[in-house]
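Enquirer: If you scroll down you'll find the structure; I have some questions about it.
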Amino acid sequence: MDNAEVTTSRVIVADRQVIVCQGIGSLVSQMSGVSLGPFATDLKTLTRVLGQEDGPVIVILGVRLADADLAHALATLQKDFPHVMIVVVAEETEFAFIRAAIKSGANSVCMMSHILENLPLILTRLVEGHSLVPTDILRRLTHDTSDALTRREHEILGLLGDGLTNFQISARLGLSENTVKYYLKAIYQKLEVNSRGGAIAKYVSGNY
């Protein structure tokens, strides 16, 4: 019994929306081999909770916390808690974050639309010490059209074309300025440009 307790991984769910944490937590609580830890809606709480854990830990991380975007959260966790395994979850419209999470060294990623079938397999593999990228995501990452603009990126480009600043775009879409910058970086990479003007010109001409 003691050995089973030692090898059971704790799962901490972190997202700025409590209802998201509760939904994912409900799924995790039904799985064997893991135990559900406390939820965290901000990075400060997440780091405090992780500091109190002394066994194997898996963090299921949403793309936004109340006080940090995905890039900041990943960098902090990898620097301060390198032993923690991280699964990033995102909506279909946030696929740019999935791509960025993989590049940043997340152990796994999962689309919210496939969480029921993919998360149990992902957690099983992480408990065994293996990283895993689901085949549906691998297919999108390697397919010729994987870099097509998402709906959110189209929205941001449209607002750029209207002359809005990052702050105005963030207010219009209910995003943080850092998140808007994150989207812009992904947009520039996809359009192979390095400026707002270049992105707008390519978008307006349809040459992408």
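In the structure tokens, chains take letters A, B, ... by order of appearance, with residues numbered from 1 within each chain and ligands from 1 in the order shown.
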Might you pull out every residue within 12 Å of Tyr183 of chain A, with only C-alpha atoms counted and same-chain residues fewer than 4 positions away left off, and present them as a PyMOL selection string?

Expert: chain A and resi 63+69-71+93-100+149-157+160+166+169-170+175-179+187-190

Enquirer: How would the residues just chosen look if you wrote them out with C-alpha atoms as a tab-separated table (two decimals), in the first residue's frame?

Expert:
chain	number	residue	atom	x	y	z
A	63	VAL	CA	-3.23	28.81	-21.95
A	69	ASP	CA	0.16	33.99	-20.04
A	70	LEU	CA	1.27	30.57	-21.23
A	71	ALA	CA	4.83	31.58	-22.13
A	93	THR	CA	-9.19	28.40	-31.80
A	94	GLU	CA	-6.00	28.45	-29.71
A	95	PHE	CA	-3.93	25.98	-31.72
A	96	ALA	CA	-1.08	28.50	-31.98
A	97	PHE	CA	-0.60	28.00	-28.23
A	98	ILE	CA	-0.35	24.22	-28.71
A	99	ARG	CA	2.41	24.70	-31.27
A	100	ALA	CA	4.21	27.14	-28.94
A	149	LEU	CA	-4.57	31.17	-39.68
A	150	THR	CA	-6.98	30.39	-36.85
A	151	ARG	CA	-10.27	32.23	-36.43
A	152	ARG	CA	-8.79	34.31	-33.61
A	153	GLU	CA	-5.77	35.22	-35.72
A	154	HIS	CA	-8.11	36.35	-38.51
A	155	GLU	CA	-9.93	38.54	-35.97
A	156	ILE	CA	-6.69	40.10	-34.76
A	157	LEU	CA	-5.43	40.72	-38.29
A	160	LEU	CA	-4.82	45.42	-37.13
A	166	ASN	CA	-2.41	46.06	-29.15
A	169	ILE	CA	-7.31	44.80	-29.64
A	170	SER	CA	-6.94	43.28	-26.16
A	175	LEU	CA	-7.53	39.26	-23.99
A	176	SER	CA	-4.44	40.48	-22.16
A	177	GLU	CA	-1.94	42.58	-24.09
A	178	ASN	CA	0.63	39.79	-23.64
A	179	THR	CA	-1.77	37.32	-25.23
A	187	ILE	CA	0.84	35.44	-37.11
A	188	TYR	CA	4.18	36.94	-38.18
A	189	GLN	CA	5.72	33.45	-38.31
A	190	LYS	CA	2.87	32.07	-40.38

Enquirer: If DSSP is run on the backbone, what residues of segment 67-194 of chain A are strand (DSSP E or B)? A reply as a list in words would be ideal.

Expert: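 After running DSSP on the backbone, segment 67-194 of chain A has strand (DSSP E or B) at Ala68, Asp69, Met85, Ile86, Val87, Val88, Val89, Ala90, Ser108, Val109, Cys110, Met111 and Leu132 of chain A.
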
Enquirer: What does the file look like for those residues with N, CA and C atoms, as a compact mmCIF listing (two decimals), in the first residue's frame?

Expert:
# COMPACT_ATOMS: atom_id res chain seq x y z
N ALA A 68 -0.79 35.45 -15.52
CA ALA A 68 0.32 35.08 -16.41
C ALA A 68 -0.21 34.44 -17.68
N ASP A 69 0.50 34.68 -18.80
CA ASP A 69 0.16 33.99 -20.04
C ASP A 69 0.92 32.67 -20.10
N MET A 85 5.93 17.50 -14.64
CA MET A 85 5.53 17.25 -16.03
C MET A 85 4.32 18.12 -16.35
N ILE A 86 4.29 18.67 -17.57
CA ILE A 86 3.28 19.66 -17.92
C ILE A 86 2.48 19.23 -19.15
N VAL A 87 1.15 19.29 -19.01
CA VAL A 87 0.24 19.07 -20.13
C VAL A 87 -0.48 20.39 -20.40
N VAL A 88 -0.36 20.92 -21.60
CA VAL A 88 -1.06 22.16 -21.96
C VAL A 88 -2.36 21.81 -22.68
N VAL A 89 -3.47 22.40 -22.22
CA VAL A 89 -4.77 22.17 -22.87
C VAL A 89 -5.24 23.48 -23.51
N ALA A 90 -5.85 23.37 -24.69
CA ALA A 90 -6.29 24.57 -25.40
C ALA A 90 -7.53 24.28 -26.23
N SER A 108 3.32 17.29 -22.85
CA SER A 108 2.22 16.84 -23.69
C SER A 108 1.26 18.00 -23.92
N VAL A 109 0.39 17.83 -24.89
CA VAL A 109 -0.64 18.82 -25.21
C VAL A 109 -1.93 18.09 -25.49
N CYS A 110 -3.05 18.81 -25.30
CA CYS A 110 -4.36 18.17 -25.52
C CYS A 110 -5.37 19.23 -25.91
N MET A 111 -6.12 18.97 -26.98
CA MET A 111 -7.20 19.87 -27.36
C MET A 111 -8.41 19.58 -26.46
N LEU A 132 4.07 12.64 -24.56
CA LEU A 132 3.17 12.15 -25.60
C LEU A 132 2.46 13.31 -26.28

Enquirer: With only C-alpha atoms as the basis for distance, which of A:Val133, A:Val20, A:Leu126, A:Leu61 is at the shortest distance from Val34 of chain A?

Expert: A:Leu126

Enquirer: Compile the contact shell of segment 54-59 of chain A as an NGL selection string: residues with an atom at most 8 Å away, counting only C-alpha atoms, same-chain residues fewer than 5 positions apart removed.

Expert: :A and (6-14 or 83-87 or 126)

Enquirer: Give me the residues within 10 Å of Ile200 of chain A as a ChimeraX atom specification, counting only C-alpha atoms and dropping any in the same chain fewer than 6 places off.

Expert: /A:157-163,191,193,206

Enquirer: Could the residues in this selection be written to a file with N, CA and C atoms, as a PDB file, in the first residue's frame?

Expert:
ATOM      1  N   LEU A 157      -5.926  40.093 -37.071  1.00  0.00           N
ATOM      2  CA  LEU A 157      -5.431  40.722 -38.294  1.00  0.00           C
ATOM      3  C   LEU A 157      -6.434  41.745 -38.837  1.00  0.00           C
ATOM      4  N   GLY A 158      -7.711  41.412 -38.753  1.00  0.00           N
ATOM      5  CA  GLY A 158      -8.744  42.345 -39.199  1.00  0.00           C
ATOM      6  C   GLY A 158      -8.709  43.632 -38.397  1.00  0.00           C
ATOM      7  N   LEU A 159      -8.513  43.511 -37.082  1.00  0.00           N
ATOM      8  CA  LEU A 159      -8.445  44.693 -36.214  1.00  0.00           C
ATOM      9  C   LEU A 159      -7.156  45.475 -36.455  1.00  0.00           C
ATOM     10  N   LEU A 160      -6.072  44.740 -36.758  1.00  0.00           N
ATOM     11  CA  LEU A 160      -4.822  45.422 -37.127  1.00  0.00           C
ATOM     12  C   LEU A 160      -5.049  46.285 -38.361  1.00  0.00           C
ATOM     13  N   GLY A 161      -5.745  45.702 -39.332  1.00  0.00           N
ATOM     14  CA  GLY A 161      -6.033  46.419 -40.571  1.00  0.00           C
ATOM     15  C   GLY A 161      -6.875  47.657 -40.338  1.00  0.00           C
ATOM     16  N   ASP A 162      -7.683  47.645 -39.261  1.00  0.00           N
ATOM     17  CA  ASP A 162      -8.509  48.805 -38.904  1.00  0.00           C
ATOM     18  C   ASP A 162      -7.703  49.852 -38.149  1.00  0.00           C
ATOM     19  N   GLY A 163      -6.419  49.542 -37.886  1.00  0.00           N
ATOM     20  CA  GLY A 163      -5.554  50.508 -37.218  1.00  0.00           C
ATOM     21  C   GLY A 163      -5.560  50.455 -35.707  1.00  0.00           C
ATOM     22  N   LEU A 191       2.873  34.160 -41.616  1.00  0.00           N
ATOM     23  CA  LEU A 191       2.869  34.983 -42.828  1.00  0.00           C
ATOM     24  C   LEU A 191       4.275  35.290 -43.330  1.00  0.00           C
ATOM     25  N   VAL A 193       6.537  37.361 -42.083  1.00  0.00           N
ATOM     26  CA  VAL A 193       6.821  38.794 -42.054  1.00  0.00           C
ATOM     27  C   VAL A 193       7.367  39.142 -40.673  1.00  0.00           C
ATOM     28  N   GLY A 206      -4.414  38.826 -49.525  1.00  0.00           N
ATOM     29  CA  GLY A 206      -4.782  37.412 -49.560  1.00  0.00           C
ATOM     30  C   GLY A 206      -3.621  36.517 -49.921  1.00  0.00           C
TER      31      GLY A 206
END

Enquirer: Here is a test: counting only C-alpha atoms, which residue of A:Leu123, A:Ala40, A:Met31, A:Met112 is nearest to Ile137 of chain A?

Expert: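 Result for the nearest residue to Ile137 of chain A: A:Met112.
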
Enquirer: If you run DSSP on the backbone, which residues of segment 115-160 of chain A are alpha helix (DSSP H), as a count of residues only?

Expert: 31

Enquirer: Atom CA of Lys79 of chain A and atom CA of Ser35 of chain A are how many Å apart?

Expert: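 One can read the atom CA of Lys79 of chain A to atom CA of Ser35 of chain A distance as 24.3 Å.
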
Enquirer: Compare A:Leu164, A:Ile122, A:Ile19, A:Leu46 by their minimum atom-to-atom distance to Leu74 of chain A, counting only C-alpha atoms, and give me the closest one.

Expert: A:Leu46

Enquirer: Can you pull out the residues contacting segment 21-24 of chain A? Cut-off 9 Å, using only C-alpha atoms, and skip same-chain residues under 2 positions away; I want them as a PyMOL selection string.

Expert: chain A and resi 13-19+26-29+39-41+60+62+115
